>>> print(open('start26.tsv').read())   # TSV, C-alpha atoms and all ligand atoms
chain	number	residue	atom	x	y	z
A	1	MET	CA	34.02	-60.02	51.01
A	2	LYS	CA	31.43	-57.75	52.62
A	3	ALA	CA	28.21	-59.52	53.59
A	4	PHE	CA	25.23	-59.11	55.86
A	5	ILE	CA	25.11	-62.11	58.16
A	6	ARG	CA	22.70	-63.17	60.88
A	7	HIS	CA	22.90	-65.78	63.65
A	8	GLN	CA	19.32	-65.67	64.92
A	9	TYR	CA	15.77	-65.00	63.77
A	10	GLY	CA	14.53	-61.45	64.16
A	11	GLY	CA	13.87	-58.15	62.41
A	12	PRO	CA	16.28	-56.20	60.17
A	13	GLU	CA	18.30	-55.30	63.30
A	14	VAL	CA	19.76	-58.85	63.47
A	15	LEU	CA	21.60	-58.31	60.18
A	16	GLN	CA	25.28	-57.54	60.83
A	17	LEU	CA	27.56	-56.05	58.17
A	18	SER	CA	30.67	-58.26	58.37
A	19	GLN	CA	33.63	-59.70	56.49
A	20	TYR	CA	32.87	-63.21	55.23
A	21	GLU	CA	34.74	-65.81	53.21
A	22	LYS	CA	34.28	-65.37	49.46
A	23	PRO	CA	32.54	-68.50	48.09
A	24	THR	CA	34.33	-70.95	45.77
A	25	PRO	CA	32.03	-72.22	43.02
A	26	ALA	CA	31.35	-75.97	42.83
A	27	ASP	CA	31.50	-77.73	39.45
A	28	ASP	CA	27.88	-76.81	38.66
A	29	GLU	CA	28.08	-73.26	40.06
A	30	ILE	CA	28.92	-69.81	38.76
A	31	LEU	CA	30.63	-67.19	40.90
A	32	VAL	CA	28.95	-63.82	40.40
A	33	LYS	CA	30.32	-60.44	41.48
A	34	ILE	CA	27.11	-58.79	42.56
A	35	LYS	CA	26.30	-55.34	41.16
A	36	ALA	CA	22.72	-54.93	42.36
A	37	LEU	CA	20.05	-56.68	44.43
A	38	SER	CA	16.37	-56.35	45.13
A	39	VAL	CA	14.39	-57.19	48.24
A	40	ASN	CA	11.16	-59.20	48.50
A	41	PRO	CA	8.72	-60.08	51.28
A	42	MET	CA	10.41	-63.53	51.36
A	43	GLU	CA	13.52	-61.87	52.83
A	44	TRP	CA	11.70	-60.62	55.90
A	45	HIS	CA	9.79	-63.91	56.22
A	46	ILE	CA	13.09	-65.83	56.17
A	47	LEU	CA	14.78	-63.23	58.40
A	48	ARG	CA	12.04	-63.48	61.03
A	49	GLY	CA	11.43	-67.22	60.52
A	50	GLU	CA	7.73	-66.48	60.02
A	51	PRO	CA	5.29	-68.06	59.56
A	52	TYR	CA	6.72	-70.57	62.04
A	53	PHE	CA	6.03	-73.64	59.89
A	54	ALA	CA	8.55	-72.18	57.39
A	55	ARG	CA	11.28	-73.01	59.95
A	56	LEU	CA	10.88	-76.66	58.94
A	57	THR	CA	12.79	-75.70	55.79
A	58	VAL	CA	14.82	-72.64	56.85
A	59	GLY	CA	16.01	-73.98	60.24
A	60	LEU	CA	13.96	-75.15	63.23
A	61	LEU	CA	15.86	-73.62	66.17
A	62	SER	CA	18.26	-71.28	64.39
A	63	PRO	CA	18.57	-70.17	60.78
A	64	LYS	CA	20.29	-72.57	58.37
A	65	HIS	CA	21.56	-69.81	56.10
A	66	LYS	CA	23.69	-67.05	57.61
A	67	ILE	CA	23.51	-64.94	54.45
A	68	ILE	CA	19.98	-64.33	53.19
A	69	GLY	CA	18.96	-62.45	50.04
A	70	SER	CA	17.86	-63.84	46.72
A	71	ASP	CA	17.43	-61.51	43.71
A	72	TYR	CA	20.74	-60.36	42.25
A	73	SER	CA	22.39	-59.13	39.08
A	74	GLY	CA	26.09	-58.95	38.39
A	75	ILE	CA	29.08	-60.11	36.38
A	76	VAL	CA	30.37	-63.68	36.13
A	77	GLU	CA	33.80	-63.93	37.73
A	78	THR	CA	34.56	-67.66	37.40
A	79	VAL	CA	32.62	-70.80	36.45
A	80	GLY	CA	32.69	-74.41	37.66
A	81	LYS	CA	34.02	-77.03	35.25
A	82	ASN	CA	30.53	-78.29	34.23
A	83	ILE	CA	29.30	-74.84	33.14
A	84	VAL	CA	29.09	-74.27	29.38
A	85	ASP	CA	26.45	-71.52	28.94
A	86	PHE	CA	28.21	-68.79	30.94
A	87	LYS	CA	31.74	-67.39	30.91
A	88	PRO	CA	33.67	-64.79	32.92
A	89	GLY	CA	32.51	-61.27	32.07
A	90	ASP	CA	28.89	-62.22	31.22
A	91	GLU	CA	26.25	-59.92	32.70
A	92	VAL	CA	23.69	-62.04	34.56
A	93	PHE	CA	20.70	-61.98	36.91
A	94	GLY	CA	18.61	-64.49	38.86
A	95	GLU	CA	17.35	-65.71	42.22
A	96	PRO	CA	19.28	-68.39	44.12
A	97	PHE	CA	17.02	-68.23	47.26
A	98	HIS	CA	19.84	-67.26	49.64
A	99	GLY	CA	23.39	-65.90	49.77
A	100	SER	CA	22.91	-62.65	47.83
A	101	PHE	CA	23.29	-60.03	50.58
A	102	ALA	CA	27.02	-60.11	49.83
A	103	GLU	CA	29.58	-58.93	47.29
A	104	TYR	CA	29.77	-62.41	45.69
A	105	ASN	CA	27.44	-65.40	45.42
A	106	ALA	CA	28.08	-68.85	43.93
A	107	VAL	CA	24.84	-69.73	42.14
A	108	LYS	CA	23.69	-72.98	40.60
A	109	ILE	CA	22.77	-73.34	36.96
A	110	GLY	CA	18.99	-72.79	36.66
A	111	MET	CA	19.16	-69.84	39.02
A	112	ILE	CA	20.96	-67.60	36.57
A	113	GLY	CA	20.07	-65.99	33.26
A	114	HIS	CA	21.64	-63.52	30.84
A	115	LYS	CA	20.80	-59.94	31.85
A	116	PRO	CA	18.53	-58.11	29.40
A	117	LYS	CA	20.88	-55.93	27.33
A	118	ASN	CA	18.69	-52.84	27.68
A	119	ALA	CA	18.24	-53.11	31.48
A	120	SER	CA	20.34	-51.56	34.24
A	121	PHE	CA	21.78	-53.89	36.86
A	122	GLU	CA	19.17	-52.57	39.32
A	123	GLU	CA	16.29	-53.32	36.92
A	124	ALA	CA	17.63	-56.81	36.18
A	125	ALA	CA	18.00	-57.52	39.91
A	126	CYS	CA	14.26	-56.86	40.33
A	127	LEU	CA	13.17	-59.54	37.86
A	128	GLY	CA	13.89	-62.83	39.65
A	129	VAL	CA	11.44	-63.66	42.43
A	130	ALA	CA	8.66	-61.24	41.46
A	131	GLY	CA	8.96	-61.81	37.71
A	132	LEU	CA	9.05	-65.61	37.98
A	133	THR	CA	6.08	-65.57	40.37
A	134	ALA	CA	4.04	-63.37	38.04
A	135	LEU	CA	4.95	-65.44	34.95
A	136	GLN	CA	4.27	-68.82	36.57
A	137	GLY	CA	1.11	-67.51	38.26
A	138	ILE	CA	-0.38	-66.20	35.00
A	139	ARG	CA	0.83	-68.91	32.59
A	140	ASP	CA	1.06	-72.15	34.61
A	141	GLN	CA	-1.39	-71.71	37.50
A	142	GLY	CA	-3.94	-69.31	36.01
A	143	LYS	CA	-3.59	-70.83	32.52
A	144	ILE	CA	-4.80	-67.53	31.16
A	145	ARG	CA	-6.08	-67.55	27.58
A	146	PRO	CA	-6.50	-64.57	25.24
A	147	GLY	CA	-9.67	-62.59	25.91
A	148	GLU	CA	-10.19	-63.93	29.43
A	149	LYS	CA	-11.21	-61.46	32.13
A	150	VAL	CA	-8.61	-61.47	34.89
A	151	LEU	CA	-8.70	-59.70	38.26
A	152	ILE	CA	-5.33	-59.10	39.94
A	153	ASN	CA	-5.68	-58.20	43.63
A	154	GLY	CA	-2.56	-56.37	44.89
A	155	CYS	CA	-1.47	-55.30	41.43
A	156	SER	CA	0.91	-52.42	42.19
A	157	GLY	CA	3.73	-54.14	44.11
A	158	GLY	CA	6.64	-56.28	42.95
A	159	VAL	CA	4.68	-59.33	41.80
A	160	GLY	CA	1.51	-57.42	40.93
A	161	HIS	CA	3.05	-54.86	38.57
A	162	PHE	CA	4.70	-57.69	36.58
A	163	ALA	CA	1.47	-59.76	36.68
A	164	VAL	CA	-0.56	-56.95	35.09
A	165	GLN	CA	1.95	-56.62	32.25
A	166	ILE	CA	2.34	-60.39	31.71
A	167	ALA	CA	-1.45	-60.93	31.76
A	168	LYS	CA	-1.66	-58.31	28.96
A	169	ILE	CA	1.11	-60.15	27.05
A	170	PHE	CA	-1.09	-63.28	27.30
A	171	GLY	CA	-4.02	-61.30	25.83
A	172	ALA	CA	-6.16	-60.99	28.96
A	173	VAL	CA	-8.58	-58.19	29.79
A	174	VAL	CA	-7.07	-57.04	33.08
A	175	THR	CA	-8.66	-55.43	36.12
A	176	GLY	CA	-6.23	-54.46	38.86
A	177	VAL	CA	-6.94	-53.79	42.54
A	178	CYS	CA	-4.80	-51.24	44.41
A	179	SER	CA	-5.12	-48.13	46.59
A	180	SER	CA	-5.98	-44.64	45.28
A	181	ARG	CA	-2.38	-43.45	44.99
A	182	ASN	CA	-1.51	-46.28	42.57
A	183	VAL	CA	-4.52	-46.11	40.21
A	184	GLU	CA	-2.75	-44.06	37.51
A	185	PHE	CA	0.42	-46.15	37.85
A	186	VAL	CA	-1.53	-49.38	37.26
A	187	LYS	CA	-3.31	-47.89	34.24
A	188	SER	CA	0.11	-46.95	32.84
A	189	LEU	CA	1.08	-50.65	33.06
A	190	GLY	CA	-1.77	-51.48	30.66
A	191	ALA	CA	-4.61	-52.48	33.00
A	192	ASP	CA	-8.01	-52.08	31.32
A	193	GLU	CA	-9.82	-51.29	34.60
A	194	VAL	CA	-8.62	-50.45	38.10
A	195	ILE	CA	-10.55	-50.92	41.34
A	196	ASP	CA	-9.50	-48.73	44.27
A	197	TYR	CA	-9.80	-50.94	47.34
A	198	THR	CA	-10.08	-47.90	49.62
A	199	LYS	CA	-13.38	-47.04	47.86
A	200	THR	CA	-14.70	-50.52	46.98
A	201	ASN	CA	-15.01	-53.26	49.57
A	202	MET	CA	-13.60	-56.30	47.74
A	203	HIS	CA	-15.38	-58.62	50.22
A	204	GLN	CA	-18.71	-57.32	48.94
A	205	HIS	CA	-17.80	-56.82	45.29
A	206	ARG	CA	-19.30	-59.08	42.63
A	207	GLY	CA	-18.01	-59.83	39.15
A	208	ASN	CA	-17.80	-62.36	36.35
A	209	PHE	CA	-14.04	-62.70	36.08
A	210	ASP	CA	-12.69	-65.90	34.52
A	211	VAL	CA	-9.63	-65.85	36.78
A	212	VAL	CA	-8.84	-64.10	40.08
A	213	ILE	CA	-5.16	-63.84	41.00
A	214	ASP	CA	-4.77	-62.90	44.67
A	215	VAL	CA	-1.29	-61.45	45.01
A	216	HIS	CA	-2.00	-59.58	48.25
A	217	GLY	CA	-3.66	-62.62	49.85
A	218	ASN	CA	-6.58	-61.10	51.74
A	219	LEU	CA	-9.40	-62.65	49.70
A	220	LYS	CA	-11.59	-65.30	51.32
A	221	TYR	CA	-13.00	-68.27	49.44
A	222	SER	CA	-16.42	-66.54	49.36
A	223	ASP	CA	-14.74	-63.59	47.59
A	224	PHE	CA	-13.40	-65.87	44.83
A	225	LYS	CA	-16.95	-67.21	44.39
A	226	ASN	CA	-18.49	-63.71	44.25
A	227	LEU	CA	-15.84	-62.33	41.90
A	228	THR	CA	-16.16	-65.19	39.40
A	229	ASN	CA	-19.95	-65.66	39.65
A	230	ASN	CA	-19.10	-69.05	41.17
A	231	SER	CA	-17.78	-70.32	37.86
A	232	GLY	CA	-14.14	-69.22	37.49
A	233	ARG	CA	-10.76	-70.23	38.81
A	234	GLY	CA	-8.31	-68.63	41.23
A	235	VAL	CA	-4.63	-68.43	42.08
A	236	LEU	CA	-3.26	-67.74	45.57
A	237	ILE	CA	0.14	-66.01	45.56
A	238	GLY	CA	0.50	-64.07	48.82
A	239	PHE	CA	-1.18	-64.49	52.19
A	240	THR	CA	-2.14	-62.15	55.00
A	241	THR	CA	-3.50	-64.50	57.70
A	242	MET	CA	-3.16	-68.26	58.13
A	243	SER	CA	-6.92	-68.68	58.66
A	244	ASN	CA	-7.67	-66.81	55.44
A	245	MET	CA	-5.19	-68.90	53.48
A	246	MET	CA	-6.33	-72.23	54.95
A	247	GLY	CA	-10.01	-71.33	54.36
A	248	ALA	CA	-9.31	-70.43	50.74
A	249	MET	CA	-7.24	-73.57	50.15
A	250	ILE	CA	-9.88	-75.90	51.63
A	251	GLY	CA	-12.67	-74.10	49.72
A	252	GLY	CA	-10.56	-74.31	46.59
A	253	ILE	CA	-10.30	-78.10	46.88
A	254	PHE	CA	-13.95	-78.89	47.59
A	255	GLY	CA	-15.81	-75.88	46.11
A	256	LYS	CA	-16.84	-75.17	42.55
A	257	VAL	CA	-14.23	-72.41	42.06
A	258	LYS	CA	-10.89	-74.25	41.96
A	259	LEU	CA	-7.95	-72.42	43.56
A	260	LYS	CA	-4.28	-73.13	43.05
A	261	SER	CA	-1.50	-72.09	45.39
A	262	PHE	CA	2.16	-72.42	44.50
A	263	THR	CA	5.69	-71.33	45.28
A	264	ALA	CA	7.52	-69.97	42.28
A	265	ALA	CA	10.59	-71.98	41.24
A	266	SER	CA	13.61	-70.70	39.37
A	267	ASN	CA	14.56	-72.20	36.03
A	268	ALA	CA	16.72	-71.06	33.13
A	269	THR	CA	13.88	-71.06	30.57
A	270	ASP	CA	11.68	-68.70	32.56
A	271	LEU	CA	14.58	-66.37	33.40
A	272	ALA	CA	15.36	-66.22	29.66
A	273	GLN	CA	11.69	-65.52	28.91
A	274	LEU	CA	11.63	-62.59	31.37
A	275	SER	CA	14.85	-61.26	29.88
A	276	LYS	CA	13.34	-61.44	26.38
A	277	TYR	CA	10.15	-59.63	27.45
A	278	VAL	CA	12.34	-56.79	28.78
A	279	GLU	CA	14.50	-56.70	25.65
A	280	ASP	CA	11.35	-56.65	23.50
A	281	GLY	CA	10.12	-53.64	25.49
A	282	ILE	CA	6.89	-55.36	26.63
A	283	LEU	CA	7.87	-55.80	30.30
A	284	LYS	CA	9.08	-52.83	32.30
A	285	VAL	CA	10.53	-52.79	35.79
A	286	ASN	CA	9.26	-49.99	38.01
A	287	ILE	CA	11.76	-49.15	40.75
A	288	ASP	CA	10.05	-47.55	43.74
A	289	SER	CA	13.33	-46.63	45.46
A	290	THR	CA	17.00	-47.57	45.50
A	291	TYR	CA	19.16	-48.13	48.59
A	292	THR	CA	22.89	-48.67	49.07
A	293	PHE	CA	24.31	-52.03	50.18
A	294	GLU	CA	24.82	-50.71	53.71
A	295	GLN	CA	21.14	-49.67	53.81
A	296	ILE	CA	19.75	-53.21	53.23
A	297	PRO	CA	18.18	-53.31	56.74
A	298	ASP	CA	16.41	-49.98	55.97
A	299	ALA	CA	15.17	-51.38	52.65
A	300	ILE	CA	13.67	-54.38	54.46
A	301	THR	CA	12.02	-52.11	57.03
A	302	TYR	CA	10.49	-50.17	54.13
A	303	ILE	CA	9.11	-53.19	52.23
A	304	GLU	CA	7.66	-54.73	55.39
A	305	LYS	CA	4.98	-52.03	55.20
A	306	MET	CA	3.73	-53.79	52.03
A	307	HIS	CA	3.05	-50.60	50.07
A	308	THR	CA	5.92	-50.77	47.57
A	309	ARG	CA	5.11	-49.42	44.10
A	310	GLY	CA	6.90	-51.94	41.89
A	311	LYS	CA	10.24	-52.98	43.36
A	312	VAL	CA	12.92	-51.81	45.79
A	313	ALA	CA	16.47	-52.14	44.44
A	314	ILE	CA	19.90	-52.10	46.12
A	315	THR	CA	23.04	-50.83	44.40
A	316	VAL	CA	26.02	-52.92	45.52
A	317	SER	CA	28.93	-51.55	43.49
B	401	LIG	N1	3.84	-67.81	46.03
B	401	LIG	C1	5.05	-67.33	45.73
B	401	LIG	O1	5.91	-68.02	45.15
B	401	LIG	C2	5.36	-65.90	46.08
B	401	LIG	C3	6.47	-65.27	45.48
B	401	LIG	C4	6.69	-63.92	45.75
B	401	LIG	C5	5.86	-63.24	46.64
B	401	LIG	N2	4.83	-63.90	47.24
B	401	LIG	C6	3.94	-63.20	48.16
B	401	LIG	O2	3.14	-62.31	47.39
B	401	LIG	C7	2.80	-61.17	48.19
B	401	LIG	C8	3.12	-59.91	47.40
B	401	LIG	O3	4.52	-59.85	47.15
B	401	LIG	P1	5.12	-58.54	46.47
B	401	LIG	O4	6.57	-58.79	46.28
B	401	LIG	O5	4.29	-58.13	45.32
B	401	LIG	O6	4.90	-57.48	47.65
B	401	LIG	P2	5.07	-55.90	47.61
B	401	LIG	O7	5.99	-55.52	46.51
B	401	LIG	O8	5.38	-55.48	49.00
B	401	LIG	O9	3.63	-55.33	47.18
B	401	LIG	C9	2.66	-55.13	48.10
B	401	LIG	C10	1.46	-54.54	47.36
B	401	LIG	O10	0.30	-54.95	48.07
B	401	LIG	C11	-0.66	-53.95	47.87
B	401	LIG	N3	-1.68	-53.97	48.95
B	401	LIG	C12	-1.51	-53.64	50.26
B	401	LIG	N4	-2.69	-53.78	50.91
B	401	LIG	C13	-3.59	-54.21	49.98
B	401	LIG	C14	-4.98	-54.54	50.03
B	401	LIG	N5	-5.69	-54.45	51.16
B	401	LIG	N6	-5.58	-54.95	48.90
B	401	LIG	C15	-4.90	-55.06	47.73
B	401	LIG	N7	-3.58	-54.74	47.61
B	401	LIG	C16	-2.94	-54.32	48.73
B	401	LIG	C17	0.11	-52.64	47.90
B	401	LIG	O11	-0.59	-51.72	47.08
B	401	LIG	P3	-1.04	-50.30	47.71
B	401	LIG	O12	0.24	-49.61	48.12
B	401	LIG	O13	-1.75	-49.64	46.58
B	401	LIG	O14	-1.89	-50.62	48.91
B	401	LIG	C18	1.48	-53.02	47.31
B	401	LIG	O15	1.63	-52.53	46.00
B	401	LIG	C19	3.57	-61.32	49.49
B	401	LIG	O16	2.69	-61.89	50.46
B	401	LIG	C20	4.65	-62.30	49.16
B	401	LIG	O17	5.10	-63.02	50.29
B	401	LIG	C21	4.56	-65.20	46.98
>>> encode(input="start26.tsv", output="C-alpha cells", more="lines below")
Ligand SMILES: NC(=O)c1ccc[n+]([C@@H]2O[C@H](COP(=O)([O-])OP(=O)(O)OC[C@H]3O[C@@H](n4cnc5c(N)ncnc54)[C@H](OP(=O)(O)O)[C@@H]3O)[C@@H](O)[C@H]2O)c1
Amino acid sequence: MKAFIRHQYGGPEVLQLSQYEKPTPADDEILVKIKALSVNPMEWHILRGEPYFARLTVGLLSPKHKIIGSDYSGIVETVGKNIVDFKPGDEVFGEPFHGSFAEYNAVKIGMIGHKPKNASFEEAACLGVAGLTALQGIRDQGKIRPGEKVLINGCSGGVGHFAVQIAKIFGAVVTGVCSSRNVEFVKSLGADEVIDYTKTNMHQHRGNFDVVIDVHGNLKYSDFKNLTNNSGRGVLIGFTTMSNMMGAMIGGIFGKVKLKSFTAASNATDLAQLSKYVEDGILKVNIDSTYTFEQIPDAITYIEKMHTRGKVAITVS
C-alpha cells in the first residue's frame, strides 16, 4: 500500500511517500480502507518530536511509529475474529493515534465508530481528535451546565469550532475569542458573543465567566482569574509556551480558580455521540481546505501556522 513513512524527527520534509506492507488486523482490530483523513497539530508535534518530553512516549532517540496520522474515515475491509459490531463494507471513522497516513490502517475497537450517514468521508475524518477533545473538554472537564457563561479562547480552529457548537448543545451562553477574519464564522456557529483578540487584549480583559476553556493555550493563570472574577473554573486544551502552561497548571492547583488539563482519549461511546450530533444536524464540520494524499506534507505546513478555520481534510481515494 501507499504510505507516508518517516525514519527521523523533523518537519514535513522528512515524510517519504513509499510502498509499505498492508497491515493484517489482529483479533481485536478492524482493517479499514482509508477514504479520507484530517490533520491536527498533534501530527506536527509527533513529526517533530516536540515538545521534547513527548519523546518519552513517542520514541526517545528515534520515532517509534514510522507511519503517523490519526483521524481517518473509510470502509471496513476485514475484521478480527473478536469483532462483532463492525463488518466488511461498513463506513467508519475514528482516531487511532498513528498509522493513518496510508491507504489502510488496522484500528482497535474503541478507536472506530460508524460514520454519520449524512456526512462525506472528508467531514467524518475531521471529527476524531478535534471532536473528542471538544466534547470531553466541555462535558467532562468543564462540566458545563445549562445557562453557564463560557469563554472559549481559540474558538475558530479544529477543536474550537466544535467546542462552540457543543457548548451550545449543553445550553451554555458562549463567548468565543478569535481574530477579525473569523468573527462572522464564529457567530454562524452559534456563539452569543465574539471577542476579536486583535482589538481586545485578553491579558487585560475582565469578565465574570463561569468557565474559561483555553483551546489556543496562551492564557496565563492571572487571565483565568480576571476572566472569571476569581470565582470560576478553567480547562487547558492547547499550549503555546511551556512556562505559560506550567504557570497555569501550578496556579490551577493552588489558586482559587481550579484548572483542569487533559489529553482527549478515544472511546466508542463518544465517537457514537459525535456521529449522532452530526446526523441530528446540530454539529457541523467546517472544512477550511482539502488536500490530496500526496499533498499531506503541504497540509501539515499549512496547519503549523495555527490559523485554520475549522479543519483541514485530505482525500485519499
Ligand atoms: N488536550 C488535547 O487532548 C488536545 C487535543 C487536540 C488539540 N490540542 C491542542 O489544542 C490546540 C488547538 O488545536 P486545533 O486543532 O484547534 O488547532 P487549529 O485548528 O490549528 O486552530 C488554531 C486556531 O487558533 C486560533 N488562534 C491563533 N492565535 C490565537 C490567539 N492569539 N488567540 C486566540 N486564538 C488564536 C486561530 O484563530 P485565528 O485564525 O482567528 O487567529 C485558529 O482558528 C493545539 O495546541 C493542539 O495541540 C489538544
>>> closest_residue(input="start26.tsv", among="A:Val159, A:Ala26, A:Val194, A:Cys126", to="ligand LIG 401 (chain B)", atoms="all atoms listed in the file")
A:Val159
>>> residues_around(input="start26.tsv", residues="segment 58-61 of chain A", least_positions_apart="5", cutoff="9 Å", atoms="only C-alpha atoms", output="compact mmCIF listing (two decimals) with C-alpha atoms, in the coordinates of the input")
# COMPACT_ATOMS: atom_id res chain seq x y z
CA GLN A 8 19.32 -65.67 64.92
CA TYR A 9 15.77 -65.00 63.77
CA ILE A 46 13.09 -65.83 56.17
CA GLY A 49 11.43 -67.22 60.52
CA TYR A 52 6.72 -70.57 62.04
CA PHE A 53 6.03 -73.64 59.89
>>> residues_near_point(input="start26.tsv", point="(16.8, -60.7, 48.9)", cutoff="12 Å", atoms="only C-alpha atoms", output="short mmCIF file (atom, residue, chain, number, x, y, z; two decimals) with C-alpha atoms, in the frame of the given file")
data_model
loop_
_atom_site.label_atom_id
_atom_site.label_comp_id
_atom_site.auth_asym_id
_atom_site.auth_seq_id
_atom_site.Cartn_x
_atom_site.Cartn_y
_atom_site.Cartn_z
CA PHE A 4 25.23 -59.11 55.86
CA ALA A 36 22.72 -54.93 42.36
CA LEU A 37 20.05 -56.68 44.43
CA SER A 38 16.37 -56.35 45.13
CA VAL A 39 14.39 -57.19 48.24
CA ASN A 40 11.16 -59.20 48.50
CA PRO A 41 8.72 -60.08 51.28
CA MET A 42 10.41 -63.53 51.36
CA GLU A 43 13.52 -61.87 52.83
CA TRP A 44 11.70 -60.62 55.90
CA HIS A 45 9.79 -63.91 56.22
CA ILE A 46 13.09 -65.83 56.17
CA LEU A 47 14.78 -63.23 58.40
CA ILE A 67 23.51 -64.94 54.45
CA ILE A 68 19.98 -64.33 53.19
CA GLY A 69 18.96 -62.45 50.04
CA SER A 70 17.86 -63.84 46.72
CA ASP A 71 17.43 -61.51 43.71
CA TYR A 72 20.74 -60.36 42.25
CA SER A 73 22.39 -59.13 39.08
CA GLY A 94 18.61 -64.49 38.86
CA GLU A 95 17.35 -65.71 42.22
CA PRO A 96 19.28 -68.39 44.12
CA PHE A 97 17.02 -68.23 47.26
CA HIS A 98 19.84 -67.26 49.64
CA GLY A 99 23.39 -65.90 49.77
CA SER A 100 22.91 -62.65 47.83
CA PHE A 101 23.29 -60.03 50.58
CA ALA A 102 27.02 -60.11 49.83
CA ALA A 125 18.00 -57.52 39.91
CA CYS A 126 14.26 -56.86 40.33
CA LEU A 127 13.17 -59.54 37.86
CA GLY A 128 13.89 -62.83 39.65
CA VAL A 129 11.44 -63.66 42.43
CA ALA A 130 8.66 -61.24 41.46
CA PHE A 293 24.31 -52.03 50.18
CA ILE A 296 19.75 -53.21 53.23
CA PRO A 297 18.18 -53.31 56.74
CA ALA A 299 15.17 -51.38 52.65
CA ILE A 300 13.67 -54.38 54.46
CA ILE A 303 9.11 -53.19 52.23
CA LYS A 311 10.24 -52.98 43.36
CA VAL A 312 12.92 -51.81 45.79
CA ALA A 313 16.47 -52.14 44.44
CA ILE A 314 19.90 -52.10 46.12
#
>>> axis_aligned_box(input="start26.tsv", around="segment 262-278 of chain A", padding_each_side="5 Å", output="lines of an AutoDock Vina configuration file")
center_x = 9.4
center_y = -64.6
center_z = 35.8
size_x = 24.6
size_y = 25.6
size_z = 28.9
>>> residues_around(input="start26.tsv", residues="Met1 of chain A", least_positions_apart="2", cutoff="7 Å", atoms="only C-alpha atoms", output="PyMOL selection string")
chain A and resi 3+19-22+103
>>> closest_residue(input="start26.tsv", among="A:Ala134, A:Ala272, A:Met306, A:Val278", to="Thr240 of chain A", atoms="only C-alpha atoms")
A:Met306
